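Q: Dumping the structure here so I can ask a few things about it.
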Protein chains: 2
Amino acid sequence: MDEQDLRRVMDGRWADVREAVRRQVPPEWCRPALDLDRESHRRQVLERTRSLAAGGLPAAGFERAYGGQDDIGGSLTFFEMLGHVDLNLMVKAGVQWGLFGGALQALGTERHHRRYLGPTMSLELPGCFAMTETGHGSDVQSLRTTATYDPAAGEFVVHTPDDAARKDYIGNAARDGRVAVVFARLLTGDEDHGVHALVVPLRDEHGRTCPGVRIEDCGHKGGLNGVDNGRIWFDRVRVPRDALLDRYGAVAEDGTYSSPIENGSKRFFTMLGALVRGRVSVGGAAASSAASALAIALTYGEARTQFRLPDRDSDGSEVTVLDYLAHQRRLLPRLATSYALRFAQATITADLHEVQTGGTDDDARQRELESRAAGLKAVSTWHATSTIQACREACGGAGYLSVNRLTQLKADSDVFTTFEGDNTVLLQLVAKAMLTEYRDHFGELDTRGTVRFLADQVVESVLERTGARGIVDRLAGMTSGAGGDGSDEDQGRLRDRTWQRAMFTWREQHLLASLARRLRRAGTGDDADAFDAVNRAQGHMLRVAEAHVHRLVLEAFTSAVEDCRDEGTARLLGAVCDLYVLSEIEGDRGWFLEHGRLTPAASKAVTRAVDDLCRELRQHVGSLVAGLGVPTSWLGAEITGASAPGSATARMAG
Amino acid sequence: MDEQDLRRVMDGRWADVREAVRRQVPPEWCRPALDLDRESHRRQVLERTRSLAAGGLPAAGFERAYGGQDDIGGSLTFFEMLGHVDLNLMVKAGVQWGLFGGALQALGTERHHRRYLGPTMSLELPGCFAMTETGHGSDVQSLRTTATYDPAAGEFVVHTPDDAARKDYIGNAARDGRVAVVFARLLTGDEDHGVHALVVPLRDEHGRTCPGVRIEDCGHKGGLNGVDNGRIWFDRVRVPRDALLDRYGAVAEDGTYSSPIENGSKRFFTMLGALVRGRVSVGGAAASSAASALAIALTYGEARTQFRLPDRDSDGSEVTVLDYLAHQRRLLPRLATSYALRFAQATITADLHEVQTGGTDDDARQRELESRAAGLKAVSTWHATSTIQACREACGGAGYLSVNRLTQLKADSDVFTTFEGDNTVLLQLVAKAMLTEYRDHFGELDTRGTVRFLADQVVESVLERTGARGIVDRLAGMTSGAGGDGSDEDQGRLRDRTWQRAMFTWREQHLLASLARRLRRAGTGDDADAFDAVNRAQGHMLRVAEAHVHRLVLEAFTSAVEDCRDEGTARLLGAVCDLYVLSEIEGDRGWFLEHGRLTPAASKAVTRAVDDLCRELRQHVGSLVAGLGVPTSWLGAEITGASAPGSATARMAG
């Protein structure tokens, strides 16, 4: 196996950005903030953010005309890499250049770009992204802050009607932010044009809060205490007419409203869609923090011993913890998922780069990207939460000591599952998008196609009801008689990529079709019944969205394996892909069994195959950890013996 | 439903202790330690521990002859209640009165009791329990600190041979501990008598470290920063001969060793077994912290809204978050498990009380208790980790603010899964105990019984292999034809306690029998093969132990329901028990399907039944939260509106 080739595949298209971050970030930035009071921690994070600004990388995502580099993919890769370093820094940078800067660029027009993008990139103008309110986080369309146009003065009056409408959890607000992009209902005359964004000053150059603005510190948090989250109230704050970011909605001097998008709801979702990069960055950074945690736990697991070999008391040698199957089981399937998510992240990064750089107005593609970003964000952040937890436990008491960094990774990454869109809500959005597409597609089928489709469904459901599907299993060809007993033939079939893809695809399609049927039936009752029916289908919606994401992740992984030049690399990555797929199938084997897609014997064979893959890949843990591309000096954990200074690019963990 | 009766059942036999703790603990103790530096936090926790000492409750667990109360059950309930208050306080108290005091009492003899128990109870003598070493946490039998007897001086020389043998993670060591019960290999002449415990002074009354003792602070941790964990090295520290806690092993003046238990290994495990209370306390406290987290998240979930009702935009009313099935699904099955674990904890508390108060020398019962304590500790602490995480996420961004306490509960409870025995190791101990008992039992069967047993196994495995079991399902009578489609009849069957118990029992027995078969086959190869075979069975061992614990938990729950005086209470608790059982079966439905214990149709019916139970119990959330017995003023979270002062006993959360 050629480690260089593995590295090439893993670093991907923006390898140069990865290398630049590795060069620029000193190892001490990766060490946990021990016993630092909140103010010092915030100052430290701000200084490091300034240092990043000086290094020039944050310019990647902005327009070349204003000093940027028009390199969307590079910008996303930059944020992804910061996830290996420190999530405080990643969030601080993400608020400034991703959310605040991104909103200016996506929702503003030329005069905003000319005025703000330069000082935004250089961090001369620290800014906030003031969207969430205490009363409305997930339901952005219902925000209640108002921006009322006063034609006499040619100004907007920004106002917080009550405490539930205060802006909440706003990064950069409590300490450093000078201005904010504020999301508020735009009111002209008697008309409510829905949520729009305006630039509102928060503090003057001396850091004094502007008149009419009230800011409160959110105080101590479960993590990310180096980021200054705050609450903001506006008491009839006046801003000039050109403070409105008017790409999608403008107000003339006399108060006349105009927009290139007539439909209000479509306009709103177009504006939100323009902010898709945030979700991609958050998912990528969370996945990176999980990868760092795995690098720490696996490195320690290869060094740590606990018990003697049974019946080998005499020679006193002890078993390396990672040689225990239970330990492998905790970490290696998660390592495989980390690999899988890396490729999915690379794919969405490249696709977003195409769409946003190409400037094409392909609505369908944009919608698909938004949906994929939402789903991947949910899956990646949940993966991070559970993986970092597993790593902490796998390192025992040492994992609980802050010098070993895992507890900080855990605390800092925790909120990623609920910010930038609550995962549960995001997955429901994904499911809704899938249903829409399904309906569109279904509508296009001719009568004959529809009948065939329905007939197919009937056969499926009869087979399921009778339990006969377990014996038939047409798709997999896994038999429950002679096969399914762990024979080589069966094991080979489980590792056949075509079978694996068919399993993921079938699950997604079956869940989608049955969800559509359920909701169609539900559409016939009154309001209360409709709510009840949709409510009953909620779990189903979450599952269909997750199945969809995993199918896409597998596609990304499959093409990455095909992209390997070196045969050994392809073989190794192929085995990692097998472990990802089979542990996912194992985790969901209840569903596959219920739907006759696995026989009991095949299901047990999946478990054995996961065991076998763990044992097989355990031999390659060094290479696989190195493949994650986290420099040894970046591990930041005493137990890895990696806190010694040294060039970050010199040696990869593993 | 009679809330008083629910409360009576939940508070159980030691209701008076619960009430006393509720009276003694002021609400501010339950609030998170915000922005407190480590030294202040430790001082605060020490002061509160002193205040508990002054209140007299810690005396419960000690002998009446020395000022105690001989109330083992009361003592365990006291620690359990502290889990609702603050895990820092619980651990500090647990180290002092549970581990340190418990070791003195269980392993020492009269002179130790006379000398130490008084000042231990009053906290005049803060002590440590110095067992774990850096190199050996789980494998206590391999500890390497030595205590060598010097007959000339009549003293033991306590020594740390190298850094891997330093005592590590020792609570009370870094700041407050004056003495330690040190576990070390006892050496006399050329003989190594294995691990014993001695009392070794650490600091004088001015807090100065004693000569030869070196102590280092473990530093910042992922949580529990109010507890002063430290590392201890001994450099040939001399202690008098009577420092040896000599109940199970004594050294005469001339160095002659004697013990009431001849077999060294049996002696060692008897000594460890005497310390079983620690694990029971840790499991109980973890379960309490999960219950508090649920009380917070459910209270907030009943108050919080996010989205409008679909098609009800007009009246503007929004849906309470807890009315969403997905939200119920996150929290209510965990609430049911919290109820279940409360009853299991009450049962083990009462049983331990009987055994240790009765002073019976029933070896088998003692062993069973140790095994149950280990298993329950593992299940309860993992339940706490995942439940508190779910509660944090269910509260969104608010859940991430430290004033809402969930993040502190999460951080503090995290290490419970690895201390007092790593969960993975503990479950393997449980499995080993089960195998021993199984072999004993199996050995007693006559030839005919053996044959019948084996025949039964053969039938089972044939049925499984052919997949026919799914259709047969003799035990449940769940059919896959007309039934299994969610009919009332099926739903009734799923909620039949006899069926539920049979499912849990069958799972446990089947796993145990097949594990025994696997290991028997494995016992024939050479050493390396044997390791490999046992290693392959590791996952199986963990599963059998968990299945065992859940069967015991269900038994405890079942008798608690039977104990209800009020029919309404019994009905409500019955539904909670159903939810516990069915969500557990749902989570493990892959296994039940593989083994033909559920048909696909029945498996889907289980999922629907869990949904239905969530909807049903959602109506009783107020009563069920109140039943947990956590005073509203103890919730300590701003989002529950419960930080106002007031008598803790006045009102229960809910």
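A note on labels: chains of the structure tokens are A, B, ... as shown, every chain counts residues from 1, and ligands are counted from 1 in their shown order.
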For Asp422 of chain A, find every residue with an atom within 10 Å (counting only C-alpha atoms), except residues of its own chain fewer than 3 positions away, and show them as a ChimeraX atom specification.
A: /A:137-138,374,377-378,415-419,425-427 /B:393-394,396-397
Q: Just N, CA and C atoms for this one: save the residues we selected as a PDB file, in the first residue's frame.
A:
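After the write, part15.pdb holds the following:
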ATOM      1  N   GLY A 137     -35.840  29.538  16.576  1.00  0.00           N
ATOM      2  CA  GLY A 137     -34.543  29.138  16.076  1.00  0.00           C
ATOM      3  C   GLY A 137     -34.721  28.425  14.757  1.00  0.00           C
ATOM      4  N   SER A 138     -35.425  27.317  14.817  1.00  0.00           N
ATOM      5  CA  SER A 138     -35.578  26.495  13.617  1.00  0.00           C
ATOM      6  C   SER A 138     -36.529  27.119  12.604  1.00  0.00           C
ATOM      7  N   ALA A 374     -27.896  19.918   4.128  1.00  0.00           N
ATOM      8  CA  ALA A 374     -28.643  19.763   5.379  1.00  0.00           C
ATOM      9  C   ALA A 374     -28.495  18.338   5.916  1.00  0.00           C
ATOM     10  N   LYS A 377     -24.902  17.542   7.031  1.00  0.00           N
ATOM     11  CA  LYS A 377     -24.618  18.237   8.287  1.00  0.00           C
ATOM     12  C   LYS A 377     -25.167  17.422   9.467  1.00  0.00           C
ATOM     13  N   ALA A 378     -26.390  16.944   9.335  1.00  0.00           N
ATOM     14  CA  ALA A 378     -27.007  16.178  10.424  1.00  0.00           C
ATOM     15  C   ALA A 378     -26.232  14.889  10.692  1.00  0.00           C
ATOM     16  N   VAL A 415     -22.702  21.248  20.429  1.00  0.00           N
ATOM     17  CA  VAL A 415     -23.769  22.115  19.930  1.00  0.00           C
ATOM     18  C   VAL A 415     -23.904  22.050  18.405  1.00  0.00           C
ATOM     19  N   PHE A 416     -22.935  21.430  17.755  1.00  0.00           N
ATOM     20  CA  PHE A 416     -23.008  21.336  16.286  1.00  0.00           C
ATOM     21  C   PHE A 416     -24.257  20.584  15.821  1.00  0.00           C
ATOM     22  N   THR A 417     -24.796  19.721  16.669  1.00  0.00           N
ATOM     23  CA  THR A 417     -26.003  18.987  16.256  1.00  0.00           C
ATOM     24  C   THR A 417     -27.251  19.867  16.287  1.00  0.00           C
ATOM     25  N   THR A 418     -27.174  21.012  16.978  1.00  0.00           N
ATOM     26  CA  THR A 418     -28.371  21.856  17.042  1.00  0.00           C
ATOM     27  C   THR A 418     -28.191  23.222  16.401  1.00  0.00           C
ATOM     28  N   PHE A 419     -26.959  23.708  16.228  1.00  0.00           N
ATOM     29  CA  PHE A 419     -26.873  25.024  15.579  1.00  0.00           C
ATOM     30  C   PHE A 419     -26.725  24.879  14.067  1.00  0.00           C
ATOM     31  N   VAL A 425     -34.777  18.839  12.638  1.00  0.00           N
ATOM     32  CA  VAL A 425     -35.509  19.688  11.697  1.00  0.00           C
ATOM     33  C   VAL A 425     -34.909  19.571  10.297  1.00  0.00           C
ATOM     34  N   LEU A 426     -33.569  19.561  10.223  1.00  0.00           N
ATOM     35  CA  LEU A 426     -32.905  19.468   8.920  1.00  0.00           C
ATOM     36  C   LEU A 426     -33.286  18.193   8.187  1.00  0.00           C
ATOM     37  N   LEU A 427     -33.306  17.096   8.920  1.00  0.00           N
ATOM     38  CA  LEU A 427     -33.630  15.827   8.252  1.00  0.00           C
ATOM     39  C   LEU A 427     -35.065  15.840   7.732  1.00  0.00           C
TER      40      LEU A 427
ATOM     41  N   GLU B 393     -29.726  17.860  23.629  1.00  0.00           N
ATOM     42  CA  GLU B 393     -30.129  18.133  22.256  1.00  0.00           C
ATOM     43  C   GLU B 393     -31.605  18.524  22.171  1.00  0.00           C
ATOM     44  N   ALA B 394     -32.422  17.881  23.001  1.00  0.00           N
ATOM     45  CA  ALA B 394     -33.858  18.174  22.968  1.00  0.00           C
ATOM     46  C   ALA B 394     -34.147  19.606  23.410  1.00  0.00           C
ATOM     47  N   GLY B 396     -32.190  22.119  22.568  1.00  0.00           N
ATOM     48  CA  GLY B 396     -31.603  23.013  21.566  1.00  0.00           C
ATOM     49  C   GLY B 396     -30.494  23.879  22.139  1.00  0.00           C
ATOM     50  N   GLY B 397     -30.400  25.095  21.610  1.00  0.00           N
ATOM     51  CA  GLY B 397     -29.352  26.020  22.047  1.00  0.00           C
ATOM     52  C   GLY B 397     -29.433  26.294  23.543  1.00  0.00           C
TER      53      GLY B 397
END
Q: Would you please give, as a PyMOL selection string, all residues of segment 347-412 of chain B that DSSP assigns to alpha helix (DSSP H) based on the backbone?
A: chain B and resi 347-358+363-394+396-400+406-412
Q: Quick one: pull the distance between atom CA of Pro27 of chain B and atom CA of Asp228 of chain B, Å, one decimal.
A: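 Going from atom CA of Pro27 of chain B over to atom CA of Asp228 of chain B, I get 23.5 Å.
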Q: Taking only C-alpha atoms into account, name the residue in B:Ser122, B:Thr145, B:Thr188, B:Thr349 that is nearest to Thr49 of chain B.
A: B:Ser122
Q: Taking only segment 205-400 of chain B into account, list the residues labelled strand (DSSP E) by DSSP (computed from the backbone), as a ChimeraX atom specification.
A: /B:213-217,230-234,237-240,250-251,257-258,305-308,318-320
Q: Please produce a file of the residues just selected, as a PDB file, in the first residue's frame, where the atoms kept are N, CA and C atoms.
A:
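Generated file (selection-v6.pdb):
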ATOM      1  N   VAL B 213       6.256  10.934  50.515  1.00  0.00           N
ATOM      2  CA  VAL B 213       5.033  10.939  49.709  1.00  0.00           C
ATOM      3  C   VAL B 213       5.127  12.081  48.696  1.00  0.00           C
ATOM      4  N   ARG B 214       4.830  11.774  47.445  1.00  0.00           N
ATOM      5  CA  ARG B 214       4.785  12.842  46.441  1.00  0.00           C
ATOM      6  C   ARG B 214       3.400  12.842  45.830  1.00  0.00           C
ATOM      7  N   ILE B 215       2.801  13.998  45.751  1.00  0.00           N
ATOM      8  CA  ILE B 215       1.436  14.101  45.208  1.00  0.00           C
ATOM      9  C   ILE B 215       1.408  15.122  44.084  1.00  0.00           C
ATOM     10  N   GLU B 216       0.740  14.756  43.012  1.00  0.00           N
ATOM     11  CA  GLU B 216       0.602  15.658  41.877  1.00  0.00           C
ATOM     12  C   GLU B 216      -0.880  15.800  41.580  1.00  0.00           C
ATOM     13  N   ASP B 217      -1.284  16.990  41.199  1.00  0.00           N
ATOM     14  CA  ASP B 217      -2.680  17.251  40.852  1.00  0.00           C
ATOM     15  C   ASP B 217      -2.965  16.644  39.474  1.00  0.00           C
ATOM     16  N   GLY B 230      -5.835  13.246  42.233  1.00  0.00           N
ATOM     17  CA  GLY B 230      -4.383  13.396  42.179  1.00  0.00           C
ATOM     18  C   GLY B 230      -3.662  12.083  41.964  1.00  0.00           C
ATOM     19  N   ARG B 231      -2.345  12.205  41.794  1.00  0.00           N
ATOM     20  CA  ARG B 231      -1.472  11.042  41.650  1.00  0.00           C
ATOM     21  C   ARG B 231      -0.577  10.980  42.882  1.00  0.00           C
ATOM     22  N   ILE B 232      -0.280   9.762  43.302  1.00  0.00           N
ATOM     23  CA  ILE B 232       0.553   9.617  44.506  1.00  0.00           C
ATOM     24  C   ILE B 232       1.687   8.627  44.246  1.00  0.00           C
ATOM     25  N   TRP B 233       2.897   9.048  44.619  1.00  0.00           N
ATOM     26  CA  TRP B 233       4.050   8.147  44.613  1.00  0.00           C
ATOM     27  C   TRP B 233       4.508   7.955  46.065  1.00  0.00           C
ATOM     28  N   PHE B 234       4.922   6.747  46.391  1.00  0.00           N
ATOM     29  CA  PHE B 234       5.486   6.476  47.719  1.00  0.00           C
ATOM     30  C   PHE B 234       6.940   6.082  47.559  1.00  0.00           C
ATOM     31  N   VAL B 237       7.971   4.561  52.058  1.00  0.00           N
ATOM     32  CA  VAL B 237       7.273   5.160  53.198  1.00  0.00           C
ATOM     33  C   VAL B 237       7.007   4.087  54.253  1.00  0.00           C
ATOM     34  N   ARG B 238       7.391   4.352  55.491  1.00  0.00           N
ATOM     35  CA  ARG B 238       7.238   3.368  56.561  1.00  0.00           C
ATOM     36  C   ARG B 238       5.968   3.620  57.358  1.00  0.00           C
ATOM     37  N   VAL B 239       5.185   2.559  57.535  1.00  0.00           N
ATOM     38  CA  VAL B 239       3.990   2.658  58.391  1.00  0.00           C
ATOM     39  C   VAL B 239       4.033   1.493  59.376  1.00  0.00           C
ATOM     40  N   PRO B 240       3.446   1.675  60.568  1.00  0.00           N
ATOM     41  CA  PRO B 240       3.491   0.605  61.569  1.00  0.00           C
ATOM     42  C   PRO B 240       2.732  -0.635  61.106  1.00  0.00           C
ATOM     43  N   ALA B 250      -3.406 -11.062  57.885  1.00  0.00           N
ATOM     44  CA  ALA B 250      -2.673 -10.379  58.951  1.00  0.00           C
ATOM     45  C   ALA B 250      -1.211 -10.799  58.917  1.00  0.00           C
ATOM     46  N   VAL B 251      -0.359  -9.930  59.435  1.00  0.00           N
ATOM     47  CA  VAL B 251       1.065 -10.246  59.535  1.00  0.00           C
ATOM     48  C   VAL B 251       1.465 -10.137  61.006  1.00  0.00           C
ATOM     49  N   TYR B 257       2.558 -14.642  57.962  1.00  0.00           N
ATOM     50  CA  TYR B 257       1.303 -14.220  57.354  1.00  0.00           C
ATOM     51  C   TYR B 257       0.191 -15.211  57.678  1.00  0.00           C
ATOM     52  N   SER B 258      -0.978 -14.713  57.966  1.00  0.00           N
ATOM     53  CA  SER B 258      -2.127 -15.607  58.177  1.00  0.00           C
ATOM     54  C   SER B 258      -3.386 -14.974  57.601  1.00  0.00           C
ATOM     55  N   THR B 305     -42.426  26.201  22.359  1.00  0.00           N
ATOM     56  CA  THR B 305     -43.056  25.987  21.057  1.00  0.00           C
ATOM     57  C   THR B 305     -42.053  26.361  19.982  1.00  0.00           C
ATOM     58  N   GLN B 306     -42.258  25.868  18.766  1.00  0.00           N
ATOM     59  CA  GLN B 306     -41.349  26.235  17.681  1.00  0.00           C
ATOM     60  C   GLN B 306     -42.112  26.598  16.407  1.00  0.00           C
ATOM     61  N   PHE B 307     -42.894  25.662  15.924  1.00  0.00           N
ATOM     62  CA  PHE B 307     -43.570  25.891  14.648  1.00  0.00           C
ATOM     63  C   PHE B 307     -45.078  26.022  14.850  1.00  0.00           C
ATOM     64  N   ARG B 308     -45.708  26.678  13.891  1.00  0.00           N
ATOM     65  CA  ARG B 308     -47.166  26.717  13.905  1.00  0.00           C
ATOM     66  C   ARG B 308     -47.725  25.369  13.481  1.00  0.00           C
ATOM     67  N   GLU B 318     -48.874  27.895  18.196  1.00  0.00           N
ATOM     68  CA  GLU B 318     -47.752  27.034  17.850  1.00  0.00           C
ATOM     69  C   GLU B 318     -47.817  25.732  18.636  1.00  0.00           C
ATOM     70  N   VAL B 319     -47.184  24.712  18.076  1.00  0.00           N
ATOM     71  CA  VAL B 319     -47.232  23.389  18.689  1.00  0.00           C
ATOM     72  C   VAL B 319     -46.200  23.290  19.807  1.00  0.00           C
ATOM     73  N   THR B 320     -46.632  22.802  20.950  1.00  0.00           N
ATOM     74  CA  THR B 320     -45.715  22.534  22.039  1.00  0.00           C
ATOM     75  C   THR B 320     -44.728  21.455  21.579  1.00  0.00           C
TER      76      THR B 320
END
Q: Kindly provide, as an mmCIF file with C-alpha atoms, in the first residue's frame, the residues of chain A having any atom no farther than 6 Å from an atom of chain B, counting only C-alpha atoms.
A:
data_model
loop_
_atom_site.group_PDB
_atom_site.id
_atom_site.type_symbol
_atom_site.label_atom_id
_atom_site.label_comp_id
_atom_site.auth_asym_id
_atom_site.auth_seq_id
_atom_site.Cartn_x
_atom_site.Cartn_y
_atom_site.Cartn_z
ATOM 1 C CA HIS A 220 -20.867 30.225 30.255
ATOM 2 C CA LYS A 221 -21.681 27.444 27.810
ATOM 3 C CA GLY A 222 -21.149 23.696 27.682
ATOM 4 C CA LEU A 325 -12.236 -7.065 19.379
ATOM 5 C CA GLY A 396 -10.671 5.322 30.130
ATOM 6 C CA TYR A 400 -11.299 12.276 31.041
ATOM 7 C CA LEU A 401 -8.215 14.384 31.742
ATOM 8 C CA SER A 402 -8.388 17.679 29.888
ATOM 9 C CA THR A 407 -13.353 16.163 26.677
ATOM 10 C CA THR A 418 -28.371 21.856 17.042
ATOM 11 C CA ASN A 535 -46.732 13.611 13.406
ATOM 12 C CA ARG A 589 -30.481 -4.858 10.420
ATOM 13 C CA GLY A 590 -33.771 -4.792 12.276
ATOM 14 C CA GLU A 594 -38.401 -6.631 8.789
ATOM 15 C CA PRO A 600 -31.654 -14.155 9.705
#
Q: Need the shell around Arg8 of chain A: protein/DNA/RNA residues with any atom at most 12 Å away, counting only C-alpha atoms. Skip same-chain ones fewer than 5 positions apart. Format as a list of chain:residue names?
A: A:Asp2, A:Glu3, A:Arg13, A:Trp14, A:Ala15, A:Asp16, A:Arg18, A:Glu19, A:Ala560, A:Val561, A:Asp563, A:Cys564, A:Arg565, A:Asp566, A:Thr569, A:Ala626, A:Gly627, A:Leu628, A:Gly629
Q: Enter the distance from atom CA of Arg521 of chain A to atom CA of Thr607 of chain B, in Å, rounded to one decimal.
A: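 Pair atom CA of Arg521 of chain A / atom CA of Thr607 of chain B returns 19.6 Å.
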Q: Can you pull out every residue within 8 Å of Phe183 of chain B, counting only C-alpha atoms, but drop anything in the same chain fewer than 2 positions away, and send it as a PyMOL selection string?
A: chain B and resi 130-131+143+145+181+185+195-198
Q: Considering only C-alpha atoms, state which residue in the set B:Arg43, B:Arg247, B:Arg367, B:Arg543 is at the smallest distance from Glu110 of chain B.
A: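 Comparing B:Arg43, B:Arg247, B:Arg367, B:Arg543 against Glu110 of chain B, the winner is B:Arg247.
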Q: Go ahead and compute the interatomic distance for atom CA of Phe129 of chain B and atom CA of Val199 of chain B, in Å to one decimal.
A: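 Straight-line distance from atom CA of Phe129 of chain B to atom CA of Val199 of chain B works out to 9.6 Å.
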